[in-house]
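Listing of entry_10.cif, mmCIF, C-alpha atoms
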```cif
data_work
#
loop_
_atom_site.group_PDB
_atom_site.id
_atom_site.type_symbol
_atom_site.label_atom_id
_atom_site.label_comp_id
_atom_site.auth_asym_id
_atom_site.auth_seq_id
_atom_site.Cartn_x
_atom_site.Cartn_y
_atom_site.Cartn_z
ATOM 1 C CA MET A 1 109.641 68.839 157.196
ATOM 2 C CA ALA A 2 106.465 68.233 159.133
ATOM 3 C CA TRP A 3 107.472 71.023 161.512
ATOM 4 C CA LEU A 4 107.653 73.522 158.574
ATOM 5 C CA ARG A 5 104.167 72.526 157.418
ATOM 6 C CA THR A 6 102.860 72.986 160.962
ATOM 7 C CA ILE A 7 104.445 76.449 161.220
ATOM 8 C CA LEU A 8 103.085 77.514 157.841
ATOM 9 C CA LEU A 9 99.598 76.249 158.669
ATOM 10 C CA ALA A 10 99.703 78.055 161.994
ATOM 11 C CA GLY A 11 100.587 81.258 160.201
ATOM 12 C CA ILE A 12 103.818 81.775 162.100
ATOM 13 C CA LEU A 13 105.804 81.962 158.840
ATOM 14 C CA ALA A 14 104.263 83.357 155.715
ATOM 15 C CA ALA A 15 104.649 81.369 152.536
ATOM 16 C CA PRO A 16 106.335 83.415 149.793
ATOM 17 C CA ALA A 17 103.787 85.157 147.649
ATOM 18 C CA LEU A 18 103.818 84.058 144.041
ATOM 19 C CA ALA A 19 103.270 86.774 141.483
ATOM 20 C CA GLN A 20 99.939 86.191 139.833
ATOM 21 C CA GLU A 21 99.675 87.606 136.341
ATOM 22 C CA GLU A 22 96.272 88.430 134.973
ATOM 23 C CA PRO A 23 95.516 85.879 132.260
ATOM 24 C CA GLU A 24 94.979 87.409 128.840
ATOM 25 C CA PRO A 25 91.466 87.110 127.452
ATOM 26 C CA PRO A 26 91.103 84.954 124.339
ATOM 27 C CA MET A 27 91.848 86.754 121.098
ATOM 28 C CA SER A 28 88.716 87.731 119.232
ATOM 29 C CA TYR A 29 87.968 89.829 116.161
ATOM 30 C CA GLU A 30 87.206 92.802 118.419
ATOM 31 C CA ARG A 31 90.354 92.451 120.548
ATOM 32 C CA LEU A 32 92.476 91.917 117.434
ATOM 33 C CA GLY A 33 91.011 95.116 115.993
ATOM 34 C CA ARG A 34 91.862 97.121 119.126
ATOM 35 C CA ILE A 35 95.469 95.902 118.953
ATOM 36 C CA LEU A 36 95.761 96.632 115.219
ATOM 37 C CA PHE A 37 94.307 100.143 115.642
ATOM 38 C CA ALA A 38 96.881 100.747 118.391
ATOM 39 C CA LEU A 39 99.605 99.826 115.870
ATOM 40 C CA ASP A 40 98.104 101.899 113.036
ATOM 41 C CA ASP A 41 95.407 104.432 113.881
ATOM 42 C CA ALA A 42 94.576 104.613 110.149
ATOM 43 C CA ALA A 43 93.739 100.882 109.983
ATOM 44 C CA GLN A 44 90.457 100.062 108.264
ATOM 45 C CA PRO A 45 88.025 97.204 108.900
ATOM 46 C CA VAL A 46 87.471 95.181 105.715
ATOM 47 C CA GLY A 47 84.992 92.298 105.836
ATOM 48 C CA ARG A 48 86.200 89.906 108.533
ATOM 49 C CA GLY A 49 89.588 91.585 108.661
ATOM 50 C CA PHE A 50 91.594 94.774 108.621
ATOM 51 C CA GLN A 51 93.866 96.700 106.300
ATOM 52 C CA LEU A 52 96.739 98.480 107.978
ATOM 53 C CA THR A 53 100.259 99.708 107.348
ATOM 54 C CA ILE A 54 103.229 98.793 109.505
ATOM 55 C CA SER A 55 106.523 100.552 108.821
ATOM 56 C CA ASP A 56 105.287 101.662 105.379
ATOM 57 C CA VAL A 57 104.319 98.085 104.432
ATOM 58 C CA PRO A 58 100.606 97.541 103.638
ATOM 59 C CA MET A 59 99.160 94.449 105.293
ATOM 60 C CA LEU A 60 95.854 92.612 105.339
ATOM 61 C CA VAL A 61 94.795 90.723 108.480
ATOM 62 C CA VAL A 62 91.814 88.398 108.070
ATOM 63 C CA THR A 63 89.962 86.297 110.599
ATOM 64 C CA ASP A 64 87.681 83.303 110.470
ATOM 65 C CA PRO A 65 86.117 83.160 113.943
ATOM 66 C CA ALA A 66 84.080 80.056 113.041
ATOM 67 C CA ALA A 67 87.307 78.163 112.274
ATOM 68 C CA ASP A 68 89.200 80.022 115.056
ATOM 69 C CA ARG A 69 91.907 81.125 112.595
ATOM 70 C CA MET A 70 93.631 84.321 111.528
ATOM 71 C CA ARG A 71 96.243 85.278 108.985
ATOM 72 C CA ALA A 72 98.277 88.379 108.290
ATOM 73 C CA MET A 73 99.367 88.798 104.673
ATOM 74 C CA VAL A 74 101.663 91.085 102.703
ATOM 75 C CA PRO A 75 101.614 90.717 98.906
ATOM 76 C CA LEU A 76 105.146 90.604 97.492
ATOM 77 C CA ARG A 77 104.903 89.970 93.740
ATOM 78 C CA PRO A 78 103.227 87.761 91.156
ATOM 79 C CA SER A 79 104.367 84.150 91.585
ATOM 80 C CA GLU A 80 104.781 83.718 87.846
ATOM 81 C CA GLY A 81 108.454 83.702 86.972
ATOM 82 C CA LEU A 82 109.754 82.587 90.374
ATOM 83 C CA THR A 83 112.852 80.494 89.753
ATOM 84 C CA ALA A 84 113.633 77.167 91.368
ATOM 85 C CA GLU A 85 116.504 78.885 93.201
ATOM 86 C CA GLU A 86 114.181 81.575 94.617
ATOM 87 C CA LEU A 87 111.657 78.969 95.745
ATOM 88 C CA MET A 88 114.432 76.910 97.348
ATOM 89 C CA ARG A 89 115.767 79.973 99.176
ATOM 90 C CA MET A 90 112.306 80.831 100.524
ATOM 91 C CA MET A 91 111.829 77.253 101.764
ATOM 92 C CA GLN A 92 115.214 77.422 103.500
ATOM 93 C CA ALA A 93 114.189 80.705 105.136
ATOM 94 C CA ASN A 94 110.859 79.186 106.216
ATOM 95 C CA PHE A 95 112.931 76.616 108.116
ATOM 96 C CA ASP A 96 115.399 78.860 109.900
ATOM 97 C CA THR A 97 115.109 82.648 109.500
ATOM 98 C CA ALA A 98 111.494 83.541 108.752
ATOM 99 C CA LEU A 99 110.546 82.430 112.300
ATOM 100 C CA ASP A 100 106.754 82.680 112.838
ATOM 101 C CA ALA A 101 106.181 84.281 109.427
ATOM 102 C CA ARG A 102 106.348 82.320 106.172
ATOM 103 C CA TYR A 103 106.626 82.764 102.444
ATOM 104 C CA ALA A 104 103.638 81.333 100.599
ATOM 105 C CA VAL A 105 102.122 81.192 97.134
ATOM 106 C CA ALA A 106 98.374 81.482 96.526
ATOM 107 C CA LYS A 107 96.199 82.672 93.656
ATOM 108 C CA GLY A 108 99.180 83.578 91.466
ATOM 109 C CA GLN A 109 100.755 85.760 94.166
ATOM 110 C CA LEU A 110 103.810 85.428 96.420
ATOM 111 C CA TRP A 111 102.989 86.430 100.003
ATOM 112 C CA ALA A 112 104.651 87.018 103.340
ATOM 113 C CA VAL A 113 102.198 85.486 105.843
ATOM 114 C CA PHE A 114 101.598 84.691 109.491
ATOM 115 C CA ILE A 115 98.895 82.086 110.143
ATOM 116 C CA HIS A 116 97.722 81.112 113.636
ATOM 117 C CA PRO A 117 94.701 79.921 115.625
ATOM 118 C CA LEU A 118 92.805 83.036 116.688
ATOM 119 C CA SER A 119 91.659 82.486 120.286
ATOM 120 C CA PRO A 120 94.970 81.310 121.848
ATOM 121 C CA LEU A 121 96.937 84.121 120.176
ATOM 122 C CA LYS A 122 98.555 86.421 122.761
ATOM 123 C CA LYS A 123 98.947 90.169 122.238
ATOM 124 C CA ASP A 124 102.754 90.207 122.266
ATOM 125 C CA GLN A 125 102.888 87.116 120.056
ATOM 126 C CA LEU A 126 100.634 88.852 117.529
ATOM 127 C CA ILE A 127 102.682 92.054 117.518
ATOM 128 C CA SER A 128 105.989 90.180 117.184
ATOM 129 C CA SER A 129 104.622 88.028 114.367
ATOM 130 C CA LEU A 130 103.296 91.043 112.465
ATOM 131 C CA GLY A 131 106.776 92.567 112.728
ATOM 132 C CA GLN A 132 108.322 89.328 111.473
ATOM 133 C CA THR A 133 105.894 89.268 108.530
ATOM 134 C CA VAL A 134 106.846 92.821 107.587
ATOM 135 C CA ASN A 135 110.523 91.913 107.946
ATOM 136 C CA ILE A 136 110.352 88.899 105.633
ATOM 137 C CA ALA A 137 108.485 91.075 103.126
ATOM 138 C CA ARG A 138 111.195 93.743 103.320
ATOM 139 C CA THR A 139 114.076 91.247 103.121
ATOM 140 C CA TYR A 140 112.617 89.148 100.291
ATOM 141 C CA GLY A 141 115.355 88.748 97.708
ATOM 142 C CA THR A 142 118.137 89.578 100.179
ATOM 143 C CA LEU A 143 118.340 88.112 103.709
ATOM 144 C CA TYR A 144 114.896 86.436 103.892
ATOM 145 C CA THR A 145 114.684 87.024 107.645
ATOM 146 C CA GLY A 146 112.014 87.685 110.231
ATOM 147 C CA GLY A 147 114.513 89.946 111.958
ATOM 148 C CA ALA A 148 115.022 88.144 115.239
ATOM 149 C CA LEU A 149 116.829 84.918 116.070
ATOM 150 C CA GLN A 150 117.698 82.164 113.627
ATOM 151 C CA PHE A 151 116.834 78.536 114.164
ATOM 152 C CA GLY A 152 120.105 76.612 114.224
ATOM 153 C CA GLY A 153 120.866 73.851 111.808
ATOM 154 C CA GLY A 154 119.428 75.526 108.731
ATOM 155 C CA ASP A 155 121.050 76.754 105.530
ATOM 156 C CA SER A 156 120.597 80.515 105.922
ATOM 157 C CA PRO A 157 123.618 81.314 108.118
ATOM 158 C CA GLY A 158 125.988 79.746 105.592
ATOM 159 C CA ILE A 159 124.295 81.519 102.692
ATOM 160 C CA GLN A 160 124.453 84.840 104.517
ATOM 161 C CA ARG A 161 128.088 84.211 105.467
ATOM 162 C CA GLN A 162 128.839 83.506 101.786
ATOM 163 C CA LEU A 163 128.058 87.148 100.935
ATOM 164 C CA ILE A 164 130.482 88.348 103.591
ATOM 165 C CA GLU A 165 133.164 85.976 102.295
ATOM 166 C CA GLU A 166 132.647 87.231 98.725
ATOM 167 C CA LEU A 167 132.972 90.825 99.869
ATOM 168 C CA LEU A 168 136.087 90.065 101.901
ATOM 169 C CA GLU A 169 137.616 88.357 98.882
ATOM 170 C CA LYS A 170 136.897 91.381 96.703
ATOM 171 C CA GLY A 171 138.368 93.632 99.375
ATOM 172 C CA GLU A 172 141.660 91.735 99.507
ATOM 173 C CA GLU A 173 142.768 93.417 96.308
ATOM 174 C CA ILE A 174 142.395 96.911 97.768
#
```
Rewrite the structure from the file as structure tokens, please.
Amino acid sequence: MAWLRTILLAGILAAPALAQEEPEPPMSYERLGRILFALDDAAQPVGRGFQLTISDVPMLVVTDPAADRMRAMVPLRPSEGLTAEELMRMMQANFDTALDARYAVAKGQLWAVFIHPLSPLKKDQLISSLGQTVNIARTYGTLYTGGALQFGGGDSPGIQRQLIEELLEKGEEI
């Protein structure tokens, strides 16, 4: 192996070039805003955040640069009247199908949320997570899914399969 090192050092053989990707700059309020305006040109700055609409779903994205945090939020309904079964189903989804988004309750409201440190957040991670947040908002009460993969070992696949089984059973009589 010493001979290979000698050849490489002498420049006789060129070492394979490794693709160097440009590192992304840290996420900031300004960079976040540019990304959000690219997703919705009608987005509006509001305080330390933004209001925007993704796929007809209104969303609020707020930042706290001093704490290096951000959150994207979609209001779903008042939390009053949520049943134990609904709360259990949302917790199951938070484990396996909501992915980076989550269901949460705050100030008497049920929310679809994505919460993350601000500066290490990558552009594609942000965009994917906003999509997941919209998806769990849209599938609340039905599939409770972020729309991508499912984390194995959770309860959701069996619950979702139960619907298919019920429909197949009903269809047997036809």
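Every protein, DNA or RNA residue with an atom at most 9 Å from range 119-122 of chain A, where all atoms listed in the file count and chain neighbours fewer than 4 positions away do not, is listed here: A:Glu24, A:Pro25, A:Pro26, A:Met27, A:Ser28, A:Pro65, A:Asp68, A:Arg69, A:Leu126, A:Ile127.
This file, queried with the PyMOL selection byres ((chain A and resi 40) around 10), gives the residues A:Arg34, A:Ile35, A:Leu36, A:Phe37, A:Ala38, A:Leu39, A:Asp41, A:Ala42, A:Ala43, A:Gln44, A:Gln51, A:Leu52, A:Thr53, A:Ile54, A:Ser55.
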Neighbour list for range 100-106 of chain A as JSON, numbers by chain, cut-off 12 Å, only C-alpha atoms, skip fewer than 2 positions in-chain: {"A": [71, 72, 73, 74, 75, 76, 77, 78, 79, 80, 82, 86, 87, 88, 89, 90, 91, 92, 93, 94, 95, 96, 97, 98, 108, 109, 110, 111, 112, 113, 114, 115, 116, 125, 126, 127, 128, 129, 130, 131, 132, 133, 134, 135, 136, 137, 138, 139, 140, 141, 144, 145, 146, 147, 148, 149, 150, 151]}
Point-to-point distance from CA of Thr142 in chain A to CA of Asp124 in chain A, Å rounded to tenths: 26.9 Å
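Across the model, the gap from CA of Tyr29 in chain A to CA of Arg48 in chain A is 7.8 Å.
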Straight-line distance linking CA of Asp56 in chain A with CA of Leu118 in chain A, stated in Å to one decimal: 25.1 Å
Since the input has fewer atoms than a full residue there, write range 97-108 of chain A out with all heavy atoms, as a PDB file, in the coordinates of the input.
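New file rebuild29.pdb:
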```pdb
ATOM      1  N   THR A  97     114.996  81.208 109.232  1.00  0.00           N
ATOM      2  CA  THR A  97     115.109  82.648 109.500  1.00  0.00           C
ATOM      3  C   THR A  97     113.790  83.405 109.442  1.00  0.00           C
ATOM      4  O   THR A  97     113.712  84.517 109.951  1.00  0.00           O
ATOM      5  CB  THR A  97     116.094  83.324 108.515  1.00  0.00           C
ATOM      6  OG1 THR A  97     115.670  83.060 107.186  1.00  0.00           O
ATOM      7  CG2 THR A  97     117.508  82.841 108.738  1.00  0.00           C
ATOM      8  N   ALA A  98     112.770  82.833 108.835  1.00  0.00           N
ATOM      9  CA  ALA A  98     111.494  83.541 108.752  1.00  0.00           C
ATOM     10  C   ALA A  98     110.751  83.512 110.094  1.00  0.00           C
ATOM     11  O   ALA A  98     109.869  84.336 110.332  1.00  0.00           O
ATOM     12  CB  ALA A  98     110.620  82.950 107.644  1.00  0.00           C
ATOM     13  N   LEU A  99     111.110  82.586 110.960  1.00  0.00           N
ATOM     14  CA  LEU A  99     110.546  82.430 112.300  1.00  0.00           C
ATOM     15  C   LEU A  99     109.057  82.124 112.244  1.00  0.00           C
ATOM     16  O   LEU A  99     108.673  81.119 111.668  1.00  0.00           O
ATOM     17  CB  LEU A  99     110.874  83.647 113.160  1.00  0.00           C
ATOM     18  CG  LEU A  99     112.377  83.936 113.268  1.00  0.00           C
ATOM     19  CD1 LEU A  99     112.615  85.240 114.003  1.00  0.00           C
ATOM     20  CD2 LEU A  99     113.100  82.784 113.933  1.00  0.00           C
ATOM     21  N   ASP A 100     108.192  82.966 112.825  1.00  0.00           N
ATOM     22  CA  ASP A 100     106.754  82.680 112.838  1.00  0.00           C
ATOM     23  C   ASP A 100     106.070  83.058 111.537  1.00  0.00           C
ATOM     24  O   ASP A 100     104.957  82.631 111.268  1.00  0.00           O
ATOM     25  CB  ASP A 100     106.071  83.419 113.996  1.00  0.00           C
ATOM     26  CG  ASP A 100     106.585  82.955 115.347  1.00  0.00           C
ATOM     27  OD1 ASP A 100     106.899  81.757 115.483  1.00  0.00           O
ATOM     28  OD2 ASP A 100     106.682  83.785 116.266  1.00  0.00           O
ATOM     29  N   ALA A 101     106.715  83.890 110.736  1.00  0.00           N
ATOM     30  CA  ALA A 101     106.181  84.281 109.427  1.00  0.00           C
ATOM     31  C   ALA A 101     106.644  83.247 108.395  1.00  0.00           C
ATOM     32  O   ALA A 101     107.559  82.463 108.646  1.00  0.00           O
ATOM     33  CB  ALA A 101     106.672  85.676 109.061  1.00  0.00           C
ATOM     34  N   ARG A 102     106.010  83.264 107.237  1.00  0.00           N
ATOM     35  CA  ARG A 102     106.348  82.320 106.172  1.00  0.00           C
ATOM     36  C   ARG A 102     106.175  82.978 104.819  1.00  0.00           C
ATOM     37  O   ARG A 102     105.386  83.902 104.656  1.00  0.00           O
ATOM     38  CB  ARG A 102     105.420  81.090 106.211  1.00  0.00           C
ATOM     39  CG  ARG A 102     105.559  80.229 107.429  1.00  0.00           C
ATOM     40  CD  ARG A 102     106.839  79.410 107.351  1.00  0.00           C
ATOM     41  NE  ARG A 102     107.015  78.573 108.499  1.00  0.00           N
ATOM     42  CZ  ARG A 102     107.750  78.888 109.557  1.00  0.00           C
ATOM     43  NH1 ARG A 102     108.347  80.046 109.617  1.00  0.00           N
ATOM     44  NH2 ARG A 102     107.891  78.051 110.553  1.00  0.00           N
ATOM     45  N   TYR A 103     106.892  82.436 103.840  1.00  0.00           N
ATOM     46  CA  TYR A 103     106.626  82.764 102.444  1.00  0.00           C
ATOM     47  C   TYR A 103     105.620  81.750 101.940  1.00  0.00           C
ATOM     48  O   TYR A 103     105.686  80.571 102.287  1.00  0.00           O
ATOM     49  CB  TYR A 103     107.912  82.700 101.613  1.00  0.00           C
ATOM     50  CG  TYR A 103     108.904  83.768 101.983  1.00  0.00           C
ATOM     51  CD1 TYR A 103     110.006  83.485 102.789  1.00  0.00           C
ATOM     52  CD2 TYR A 103     108.735  85.079 101.543  1.00  0.00           C
ATOM     53  CE1 TYR A 103     110.908  84.477 103.137  1.00  0.00           C
ATOM     54  CE2 TYR A 103     109.636  86.073 101.894  1.00  0.00           C
ATOM     55  CZ  TYR A 103     110.714  85.761 102.690  1.00  0.00           C
ATOM     56  OH  TYR A 103     111.601  86.747 103.037  1.00  0.00           O
ATOM     57  N   ALA A 104     104.679  82.219 101.114  1.00  0.00           N
ATOM     58  CA  ALA A 104     103.638  81.333 100.599  1.00  0.00           C
ATOM     59  C   ALA A 104     103.210  81.810  99.211  1.00  0.00           C
ATOM     60  O   ALA A 104     103.372  82.984  98.872  1.00  0.00           O
ATOM     61  CB  ALA A 104     102.429  81.337 101.548  1.00  0.00           C
ATOM     62  N   VAL A 105     102.655  80.883  98.460  1.00  0.00           N
ATOM     63  CA  VAL A 105     102.122  81.192  97.134  1.00  0.00           C
ATOM     64  C   VAL A 105     100.652  80.808  97.127  1.00  0.00           C
ATOM     65  O   VAL A 105     100.287  79.712  97.550  1.00  0.00           O
ATOM     66  CB  VAL A 105     102.885  80.417  96.027  1.00  0.00           C
ATOM     67  CG1 VAL A 105     102.230  80.622  94.677  1.00  0.00           C
ATOM     68  CG2 VAL A 105     104.346  80.841  95.985  1.00  0.00           C
ATOM     69  N   ALA A 106      99.810  81.752  96.666  1.00  0.00           N
ATOM     70  CA  ALA A 106      98.374  81.482  96.526  1.00  0.00           C
ATOM     71  C   ALA A 106      97.797  82.424  95.477  1.00  0.00           C
ATOM     72  O   ALA A 106      98.179  83.609  95.428  1.00  0.00           O
ATOM     73  CB  ALA A 106      97.653  81.672  97.864  1.00  0.00           C
ATOM     74  N   LYS A 107      96.921  81.882  94.660  1.00  0.00           N
ATOM     75  CA  LYS A 107      96.199  82.672  93.656  1.00  0.00           C
ATOM     76  C   LYS A 107      97.140  83.511  92.787  1.00  0.00           C
ATOM     77  O   LYS A 107      96.881  84.685  92.535  1.00  0.00           O
ATOM     78  CB  LYS A 107      95.155  83.548  94.320  1.00  0.00           C
ATOM     79  CG  LYS A 107      94.180  82.753  95.168  1.00  0.00           C
ATOM     80  CD  LYS A 107      92.794  83.214  94.976  1.00  0.00           C
ATOM     81  CE  LYS A 107      91.885  82.438  95.896  1.00  0.00           C
ATOM     82  NZ  LYS A 107      90.991  81.577  95.226  1.00  0.00           N
ATOM     83  N   GLY A 108      98.265  82.894  92.368  1.00  0.00           N
ATOM     84  CA  GLY A 108      99.180  83.578  91.466  1.00  0.00           C
ATOM     85  C   GLY A 108     100.000  84.684  92.107  1.00  0.00           C
ATOM     86  O   GLY A 108     100.583  85.504  91.418  1.00  0.00           O
TER      87      GLY A 108
END
```
